[in-house]
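Dropping query_34.tsv in here (TSV, C-alpha atoms and all ligand atoms):
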```
chain	number	residue	atom	x	y	z
A	2	MET	CA	-22.70	-18.46	9.70
A	3	PRO	CA	-19.65	-16.79	8.14
A	4	ASP	CA	-19.87	-13.07	7.51
A	5	ASN	CA	-17.85	-12.09	4.44
A	6	ARG	CA	-18.65	-8.39	4.56
A	7	PRO	CA	-15.47	-6.27	4.62
A	8	VAL	CA	-13.78	-4.71	7.65
A	9	GLY	CA	-13.45	-0.91	7.27
A	10	VAL	CA	-10.14	0.62	8.30
A	11	PHE	CA	-9.19	4.29	8.16
A	12	ASP	CA	-6.38	6.69	8.91
A	13	SER	CA	-5.36	10.20	7.94
A	14	GLY	CA	-3.02	8.77	5.32
A	15	VAL	CA	-0.65	5.94	4.70
A	16	GLY	CA	0.43	5.33	8.34
A	17	GLY	CA	-2.62	3.19	9.11
A	18	LEU	CA	-1.18	0.55	6.81
A	19	THR	CA	0.93	-0.50	9.84
A	20	VAL	CA	-2.37	-1.57	11.42
A	21	LEU	CA	-3.90	-2.92	8.21
A	22	ARG	CA	-0.89	-5.16	7.63
A	23	THR	CA	-1.28	-6.81	11.03
A	24	ILE	CA	-5.02	-7.29	10.34
A	25	HIS	CA	-4.21	-8.99	7.03
A	26	ASP	CA	-1.63	-11.22	8.76
A	27	ARG	CA	-3.89	-12.22	11.63
A	28	LEU	CA	-7.17	-12.38	9.70
A	29	PRO	CA	-6.24	-13.54	6.18
A	30	ARG	CA	-9.84	-14.42	5.22
A	31	GLU	CA	-11.20	-10.93	5.88
A	32	SER	CA	-11.85	-8.48	3.05
A	33	THR	CA	-10.97	-4.87	3.88
A	34	ILE	CA	-11.76	-1.37	2.69
A	35	TYR	CA	-9.05	1.11	3.70
A	36	VAL	CA	-9.66	4.86	3.60
A	37	GLY	CA	-6.73	7.27	3.78
A	38	ASP	CA	-7.95	10.82	4.40
A	39	LEU	CA	-5.03	12.35	2.50
A	40	ARG	CA	-6.83	15.60	1.83
A	41	TYR	CA	-6.80	16.31	5.57
A	42	PHE	CA	-3.41	14.80	6.41
A	43	PRO	CA	-1.96	15.35	9.01
A	44	TYR	CA	-4.59	15.05	11.74
A	45	GLY	CA	-2.05	15.53	14.52
A	46	PRO	CA	-1.93	19.35	14.59
A	47	ARG	CA	-5.67	19.83	13.84
A	48	ARG	CA	-8.31	20.78	16.38
A	49	SER	CA	-9.97	17.74	17.89
A	50	GLU	CA	-13.39	18.89	16.65
A	51	GLU	CA	-12.16	18.92	13.09
A	52	VAL	CA	-10.62	15.45	13.40
A	53	ARG	CA	-13.89	14.21	14.95
A	54	ARG	CA	-15.88	15.65	12.06
A	55	ARG	CA	-13.66	13.90	9.49
A	56	ALA	CA	-13.73	10.62	11.43
A	57	CYS	CA	-17.54	10.75	11.55
A	58	ALA	CA	-17.79	11.46	7.82
A	59	ILE	CA	-15.49	8.52	7.03
A	60	GLY	CA	-17.27	6.27	9.52
A	61	ARG	CA	-20.62	7.02	7.88
A	62	TYR	CA	-19.12	6.47	4.44
A	63	LEU	CA	-17.73	3.06	5.43
A	64	GLU	CA	-21.01	2.09	7.02
A	65	HIS	CA	-22.81	2.92	3.76
A	66	ARG	CA	-20.29	0.76	1.96
A	67	GLY	CA	-21.54	-2.17	4.03
A	68	VAL	CA	-18.61	-2.87	6.35
A	69	LYS	CA	-19.30	-5.09	9.37
A	70	THR	CA	-16.92	-3.29	11.72
A	71	ILE	CA	-14.61	-0.25	11.61
A	72	VAL	CA	-11.03	-0.07	12.85
A	73	VAL	CA	-9.83	3.48	13.50
A	74	ALA	CA	-6.20	2.88	12.53
A	75	CYS	CA	-5.10	6.32	13.69
A	76	ASN	CA	-4.17	7.36	17.21
A	77	THR	CA	-5.21	10.99	16.74
A	78	ALA	CA	-8.62	10.03	15.32
A	79	THR	CA	-9.15	7.39	18.02
A	80	SER	CA	-8.31	9.98	20.68
A	81	ALA	CA	-10.67	12.58	19.24
A	82	ALA	CA	-13.56	10.50	17.94
A	83	LEU	CA	-13.82	6.93	19.21
A	84	ASP	CA	-16.60	7.67	21.69
A	85	THR	CA	-18.61	9.69	19.16
A	86	LEU	CA	-18.19	7.01	16.49
A	87	GLY	CA	-19.30	4.33	18.92
A	88	GLN	CA	-22.41	6.35	19.77
A	89	THR	CA	-23.37	7.29	16.23
A	90	LEU	CA	-22.58	4.25	14.09
A	91	ALA	CA	-24.48	0.98	14.10
A	92	VAL	CA	-21.40	-1.22	13.49
A	93	PRO	CA	-18.80	-1.95	16.20
A	94	VAL	CA	-15.87	0.51	16.20
A	95	ILE	CA	-12.39	-0.45	17.39
A	96	GLY	CA	-9.67	2.10	18.17
A	97	VAL	CA	-5.92	1.73	18.64
A	98	VAL	CA	-5.53	3.39	22.05
A	99	ARG	CA	-7.03	0.82	24.39
A	100	PRO	CA	-5.31	-2.20	22.79
A	101	GLY	CA	-1.99	-0.32	23.04
A	102	ALA	CA	-2.65	0.61	26.67
A	103	GLU	CA	-3.54	-2.98	27.58
A	104	GLU	CA	-0.40	-4.30	25.92
A	105	ALA	CA	1.77	-1.72	27.71
A	106	LEU	CA	0.33	-2.65	31.11
A	107	ARG	CA	0.93	-6.34	30.41
A	108	ARG	CA	4.57	-5.61	29.62
A	109	SER	CA	5.37	-3.05	32.34
A	110	ASP	CA	6.96	-4.10	35.66
A	111	ARG	CA	7.23	-0.74	37.41
A	112	GLY	CA	4.00	0.78	36.02
A	113	ILE	CA	5.80	3.86	34.71
A	114	ILE	CA	4.85	4.29	31.07
A	115	GLY	CA	5.87	6.83	28.44
A	116	VAL	CA	3.65	7.69	25.48
A	117	VAL	CA	4.89	9.41	22.34
A	118	GLY	CA	2.32	10.56	19.78
A	119	THR	CA	1.04	13.54	17.85
A	120	GLU	CA	0.12	16.83	19.45
A	121	GLY	CA	-3.59	15.92	19.21
A	122	THR	CA	-3.15	12.50	20.83
A	123	VAL	CA	-1.08	13.91	23.70
A	124	ARG	CA	-3.40	16.90	24.22
A	125	SER	CA	-6.43	14.59	24.42
A	126	GLN	CA	-4.83	12.52	27.23
A	127	ALA	CA	-6.48	9.48	25.62
A	128	TYR	CA	-3.63	7.11	26.52
A	129	ALA	CA	-3.36	8.49	30.06
A	130	HIS	CA	-7.10	8.00	30.57
A	131	ALA	CA	-7.08	4.49	29.06
A	132	LEU	CA	-4.06	3.42	31.14
A	133	ARG	CA	-5.46	4.85	34.38
A	134	ALA	CA	-8.87	3.30	33.75
A	135	LEU	CA	-7.17	-0.09	33.51
A	136	ASP	CA	-4.76	0.50	36.41
A	137	PRO	CA	-5.25	3.59	38.59
A	138	SER	CA	-1.76	3.19	40.12
A	139	VAL	CA	0.07	3.67	36.80
A	140	THR	CA	2.29	6.72	36.19
A	141	VAL	CA	2.09	8.14	32.65
A	142	HIS	CA	4.48	10.55	30.94
A	143	GLN	CA	3.66	11.90	27.48
A	144	ARG	CA	5.53	13.65	24.69
A	145	ALA	CA	4.31	14.96	21.36
A	146	CYS	CA	6.65	14.63	18.40
A	147	GLY	CA	5.00	15.78	15.18
A	148	ARG	CA	8.40	16.27	13.57
A	149	LEU	CA	9.11	12.53	13.79
A	150	VAL	CA	5.79	11.87	11.99
A	151	ASP	CA	6.87	14.26	9.22
A	152	LEU	CA	10.28	12.62	8.88
A	153	VAL	CA	8.82	9.10	8.64
A	154	GLU	CA	6.18	10.34	6.21
A	155	MET	CA	8.81	11.84	3.91
A	156	GLY	CA	10.85	8.62	3.93
A	157	ALA	CA	13.55	10.02	6.23
A	158	ALA	CA	13.07	7.47	9.04
A	159	GLY	CA	16.75	6.57	8.81
A	160	SER	CA	17.98	10.17	8.93
A	161	GLU	CA	20.25	11.61	11.60
A	162	GLU	CA	17.51	14.00	12.64
A	163	ALA	CA	15.08	11.11	13.24
A	164	SER	CA	17.71	9.21	15.24
A	165	SER	CA	18.51	12.19	17.39
A	166	LEU	CA	14.80	12.87	18.08
A	167	ILE	CA	14.34	9.23	19.11
A	168	GLU	CA	17.45	9.40	21.34
A	169	GLY	CA	16.02	12.48	23.04
A	170	ILE	CA	12.62	10.85	23.61
A	171	VAL	CA	14.09	7.61	24.97
A	172	HIS	CA	16.55	9.50	27.19
A	173	ASP	CA	13.78	11.63	28.64
A	174	PHE	CA	11.47	8.67	29.31
A	175	VAL	CA	14.05	6.15	30.51
A	176	GLU	CA	16.77	8.21	32.22
A	177	ASP	CA	14.81	11.17	33.54
A	178	ARG	CA	11.43	9.61	34.25
A	179	ARG	CA	12.31	5.96	34.88
A	180	CYS	CA	9.77	4.57	32.38
A	181	ASP	CA	10.12	0.83	31.77
A	182	THR	CA	7.68	0.81	28.83
A	183	ILE	CA	7.21	3.23	25.94
A	184	ILE	CA	4.05	3.27	23.83
A	185	LEU	CA	4.52	4.32	20.21
A	186	GLY	CA	1.18	6.14	20.08
A	187	CYS	CA	1.25	7.03	16.41
A	188	THR	CA	0.70	4.96	13.27
A	189	HIS	CA	4.02	6.05	11.78
A	190	PHE	CA	6.20	5.03	14.69
A	191	PRO	CA	6.13	1.22	14.21
A	192	LEU	CA	8.28	2.03	11.17
A	193	VAL	CA	11.01	3.29	13.52
A	194	LYS	CA	10.37	0.76	16.30
A	195	PRO	CA	13.77	-0.96	15.73
A	196	VAL	CA	15.49	2.40	16.29
A	197	PHE	CA	13.56	2.95	19.55
A	198	GLU	CA	14.49	-0.60	20.62
A	199	ALA	CA	18.15	-0.15	19.75
A	200	VAL	CA	18.36	3.15	21.65
A	201	ALA	CA	16.44	1.76	24.66
A	202	GLY	CA	18.83	-1.21	24.66
A	203	GLY	CA	16.64	-3.36	26.88
A	204	ARG	CA	16.08	-0.61	29.47
A	205	ALA	CA	12.46	-0.18	28.32
A	206	THR	CA	9.99	-2.28	26.35
A	207	ILE	CA	8.71	-0.61	23.20
A	208	VAL	CA	5.03	-1.26	22.51
A	209	ASP	CA	3.08	-0.32	19.40
A	210	SER	CA	-0.67	-0.62	19.04
A	211	ALA	CA	-0.75	-2.20	15.59
A	212	SER	CA	-0.54	-5.88	16.53
A	213	SER	CA	-2.66	-5.55	19.67
A	214	THR	CA	-5.36	-3.79	17.62
A	215	ALA	CA	-5.44	-6.71	15.15
A	216	HIS	CA	-5.79	-9.05	18.12
A	217	THR	CA	-8.70	-6.98	19.48
A	218	THR	CA	-10.32	-6.97	16.02
A	219	GLN	CA	-10.12	-10.76	15.92
A	220	SER	CA	-11.67	-11.01	19.41
A	221	VAL	CA	-14.53	-8.66	18.45
A	222	LEU	CA	-15.28	-10.57	15.22
A	223	ASP	CA	-15.14	-13.92	17.08
A	224	HIS	CA	-17.30	-12.67	19.90
A	225	LEU	CA	-19.97	-11.21	17.60
A	226	GLY	CA	-19.96	-14.13	15.16
A	227	LEU	CA	-18.72	-11.91	12.31
A	228	VAL	CA	-15.72	-13.97	11.17
A	229	ALA	CA	-15.23	-14.36	7.39
A	230	THR	CA	-14.27	-17.56	5.60
A	231	ASP	CA	-13.52	-16.01	2.22
A	232	GLU	CA	-10.79	-17.91	0.33
A	233	THR	CA	-10.21	-14.91	-1.97
A	234	PRO	CA	-10.80	-11.79	0.12
A	235	SER	CA	-10.61	-8.39	-1.59
A	236	HIS	CA	-8.69	-5.35	-0.40
A	237	GLN	CA	-9.70	-1.89	-1.54
A	238	PHE	CA	-7.72	1.31	-0.98
A	239	LEU	CA	-9.57	4.61	-1.21
A	240	VAL	CA	-8.00	8.01	-0.67
A	241	THR	CA	-9.41	11.53	-0.47
A	242	GLY	CA	-6.30	13.02	-2.11
A	243	ALA	CA	-4.05	12.11	-5.02
A	244	ALA	CA	-4.06	8.33	-5.46
A	245	ASP	CA	-0.55	8.29	-6.98
A	246	THR	CA	0.82	10.07	-3.90
A	247	PHE	CA	-0.62	7.30	-1.72
A	248	THR	CA	0.80	4.60	-4.00
A	249	GLU	CA	4.22	6.28	-3.89
A	250	GLN	CA	4.13	6.69	-0.09
A	251	ALA	CA	3.13	3.04	0.38
A	252	ARG	CA	6.03	1.99	-1.83
A	253	LEU	CA	8.48	4.26	-0.01
A	254	LEU	CA	7.42	3.33	3.53
A	255	PHE	CA	6.29	-0.28	3.18
A	256	GLY	CA	7.86	-1.47	-0.06
A	257	GLU	CA	4.36	-2.51	-1.15
A	258	HIS	CA	2.49	-1.84	-4.34
A	259	VAL	CA	-0.96	-0.53	-3.56
A	260	ASP	CA	-3.50	0.54	-6.19
A	261	ALA	CA	-5.55	3.34	-4.70
A	262	THR	CA	-8.69	5.07	-5.98
A	263	GLU	CA	-9.45	8.71	-5.31
A	264	ILE	CA	-12.84	9.47	-3.75
A	265	ALA	CA	-14.49	12.45	-2.07
A	266	ILE	CA	-15.97	12.17	1.41
A	267	GLN	CA	-17.93	15.27	2.34
A	268	ASP	CA	-18.41	16.55	5.85
A	269	GLN	CA	-22.01	16.87	6.82
A	270	GLU	CA	-21.76	19.07	9.87
A	271	PRO	CA	-20.13	22.45	10.43
A	272	VAL	CA	-17.10	22.53	12.73
A	273	ALA	CA	-18.18	23.56	16.21
A	274	MET	CA	-15.27	24.62	18.37
A	275	SER	CA	-15.23	24.23	22.14
A	276	ALA	CA	-14.41	27.29	24.27
A	277	GLN	CA	-10.99	25.79	25.05
A	278	GLU	CA	-10.27	25.25	21.36
A	279	LEU	CA	-11.33	28.80	20.56
A	280	LEU	CA	-8.82	30.04	23.15
A	281	THR	CA	-5.93	27.80	22.11
A	282	GLY	CA	-6.70	27.76	18.39
Z	1	LIG	N1	-2.14	8.72	11.88
Z	1	LIG	C1	-1.72	9.71	12.85
Z	1	LIG	C2	-1.71	9.08	14.25
Z	1	LIG	O1	-1.61	7.89	14.43
Z	1	LIG	C3	-0.37	10.29	12.50
Z	1	LIG	C4	-0.37	11.15	11.27
Z	1	LIG	C5	-1.26	12.39	11.40
Z	1	LIG	O2	-0.92	13.33	12.14
Z	1	LIG	O3	-2.29	12.40	10.77
Z	1	LIG	O4	-1.80	9.80	15.21
```
I need this file expressed as structure tokens, please.
Amino acid sequence: MPDNRPVGVFDSGVGGLTVLRTIHDRLPRESTIYVGDLRYFPYGPRRSEEVRRRACAIGRYLEHRGVKTIVVACNTATSAALDTLGQTLAVPVIGVVRPGAEEALRRSDRGIIGVVGTEGTVRSQAYAHALRALDPSVTVHQRACGRLVDLVEMGAAGSEEASSLIEGIVHDFVEDRRCDTIILGCTHFPLVKPVFEAVAGGRATIVDSASSTAHTTQSVLDHLGLVATDETPSHQFLVTGAADTFTEQARLLFGEHVDATEIAIQDQEPVAMSAQELLTG
């Protein structure tokens, strides 16, 4: 029995379109509902409890909209909330961290892997935990680079500043720490993957989670008998901030025209901070 209910996908903003695009390519019969939580962008510098609260609100919203599965197309939200979402929602939830970690381990010879992501992703150690759970002998080095997210977001991916940040990251991982694989652990970084590859010059493999997440989504749908056969699938874009900003960002970053609709998604729980978060802010 085909299941033509949509797949829900969400991110803090426009970056998750890197994941959505690979889902559309791999699963062309699936309808999708994409939520960009623009009002709370960026997630990277926020406390993990706050990101978790937003992810749960969006997860519940998508579930009410009748999606059959949810893809958390954001590394920071996956790091902060995947477990909670899996425990609280009835539909299967897929994150980007594990597929990226699996892909990196497949590609790595020496088992020395660098991860670059937002502050929140790095602080959570989500990639380090996922990699070590899959292969306890792996060595993981991590770097946060929120500035590179900002530059890509503002359409300055080709700027000198972005190039010099990428050179610094690759130099640190490859020359100083002997990494043979670098995970781009942020939705925005596939947009600068060619620059990472050019700077690495074959000394390290650059892995991004977008395509491996689409592959995992396909496996989950196959496995659970949820595959759609829709000849004319629909794709909805919903944002919690200004819809024209999203449309402009999608045009700037992806060269795509996307019609977005503004919606409100309310939190339902107060933010509870852990003792550590109270100390570190
Ligand atoms: N989507 C976020 C991620 O993949 C990057 C942007 C943000 O900080 O919200 O981590």
Do you know which residues are at most 8 Å from segment 205-217 of chain A counting all atoms listed in the file, after dropping those on the same chain fewer than 2 positions away, and could you put them as a PyMOL selection string? chain A and resi 19-20+23-24+27+95-98+100-102+104-105+108-109+175+180-186+188+190-191+194+197-198+201-203+219-221
Within 10 Å of ligand LIG 1 (chain Z), which residues show up when you count only C-alpha atoms and all ligand atoms? List them as a CSV table (one decimal) with C-alpha atoms, keeping the file's coordinate frame, please.
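Saved as out_10.csv:
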```
chain,number,residue,atom,x,y,z
A,11,PHE,CA,-9.2,4.3,8.2
A,12,ASP,CA,-6.4,6.7,8.9
A,13,SER,CA,-5.4,10.2,7.9
A,14,GLY,CA,-3.0,8.8,5.3
A,15,VAL,CA,-0.6,5.9,4.7
A,16,GLY,CA,0.4,5.3,8.3
A,17,GLY,CA,-2.6,3.2,9.1
A,18,LEU,CA,-1.2,0.6,6.8
A,19,THR,CA,0.9,-0.5,9.8
A,20,VAL,CA,-2.4,-1.6,11.4
A,37,GLY,CA,-6.7,7.3,3.8
A,38,ASP,CA,-8.0,10.8,4.4
A,39,LEU,CA,-5.0,12.4,2.5
A,41,TYR,CA,-6.8,16.3,5.6
A,42,PHE,CA,-3.4,14.8,6.4
A,43,PRO,CA,-2.0,15.4,9.0
A,44,TYR,CA,-4.6,15.0,11.7
A,45,GLY,CA,-2.0,15.5,14.5
A,46,PRO,CA,-1.9,19.4,14.6
A,47,ARG,CA,-5.7,19.8,13.8
A,52,VAL,CA,-10.6,15.4,13.4
A,73,VAL,CA,-9.8,3.5,13.5
A,74,ALA,CA,-6.2,2.9,12.5
A,75,CYS,CA,-5.1,6.3,13.7
A,76,ASN,CA,-4.2,7.4,17.2
A,77,THR,CA,-5.2,11.0,16.7
A,78,ALA,CA,-8.6,10.0,15.3
A,79,THR,CA,-9.2,7.4,18.0
A,80,SER,CA,-8.3,10.0,20.7
A,97,VAL,CA,-5.9,1.7,18.6
A,98,VAL,CA,-5.5,3.4,22.0
A,117,VAL,CA,4.9,9.4,22.3
A,118,GLY,CA,2.3,10.6,19.8
A,119,THR,CA,1.0,13.5,17.8
A,120,GLU,CA,0.1,16.8,19.4
A,121,GLY,CA,-3.6,15.9,19.2
A,122,THR,CA,-3.2,12.5,20.8
A,123,VAL,CA,-1.1,13.9,23.7
A,146,CYS,CA,6.6,14.6,18.4
A,147,GLY,CA,5.0,15.8,15.2
A,148,ARG,CA,8.4,16.3,13.6
A,149,LEU,CA,9.1,12.5,13.8
A,150,VAL,CA,5.8,11.9,12.0
A,151,ASP,CA,6.9,14.3,9.2
A,153,VAL,CA,8.8,9.1,8.6
A,154,GLU,CA,6.2,10.3,6.2
A,185,LEU,CA,4.5,4.3,20.2
A,186,GLY,CA,1.2,6.1,20.1
A,187,CYS,CA,1.2,7.0,16.4
A,188,THR,CA,0.7,5.0,13.3
A,189,HIS,CA,4.0,6.0,11.8
A,190,PHE,CA,6.2,5.0,14.7
A,210,SER,CA,-0.7,-0.6,19.0
```
Could you check the closest approach to Arg48 of chain A for each of A:Val116, A:Ala81, A:Gln269, A:Val92 and tell me which residue wins, using all atoms listed in the file? A:Ala81
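With all atoms listed in the file as the atoms that count, the residue of A:Phe247, A:Ser125, A:Arg40, A:Gly159 with the shortest distance to Gln267 of chain A is A:Arg40.
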Please determine, counting all atoms listed in the file, which residue among A:Arg178, A:Ile71, A:Arg66, A:Gly87 has the shortest atom-to-atom distance to Gly115 of chain A. A:Arg178
Excluding Glu263 of chain A and any residue of its chain fewer than 4 positions from it, enumerate the residues within 6 Å of it, using all atoms listed in the file, and give them as JSON, numbers by chain. {"A": [239, 240, 241, 244]}
When you count all atoms listed in the file, which of these residues is closest to Ala129 of chain A: A:Asp177, A:Glu64, A:Asp110, A:Glu103?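 Of the candidates, the smallest distance to Ala129 of chain A is held by A:Glu103.
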Residue neighbourhood segment 131-134 of chain A, 7 Å, all atoms listed in the file, exclusion window fewer than 4 positions, as a PyMOL selection string: chain A and resi 99+102+127+139
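Residue nearest Val10 of chain A, chosen from A:Phe238, A:Arg30, A:Ile264, A:Ala145 and counting all atoms listed in the file: A:Phe238.
The two atoms in question, atom CA of Asp260 of chain A and atom CA of Leu90 of chain A, are spaced 28.1 Å apart.
One finds atom CA of Pro93 of chain A at 16.9 Å from atom CA of Pro3 of chain A.
You will find atom CA of Ala158 of chain A at 23.5 Å from atom CA of Val36 of chain A.
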As AutoDock Vina command-line options, please: the centre and edge lengths in Å, to one decimal, of an axis-aligned box enclosing every listed atom of segment 173-182 of chain A with 3 Å added on each side.
```
--center_x 12.2 --center_y 6.2 --center_z 31.8 --size_x 15.1 --size_y 16.8 --size_z 12.2
```
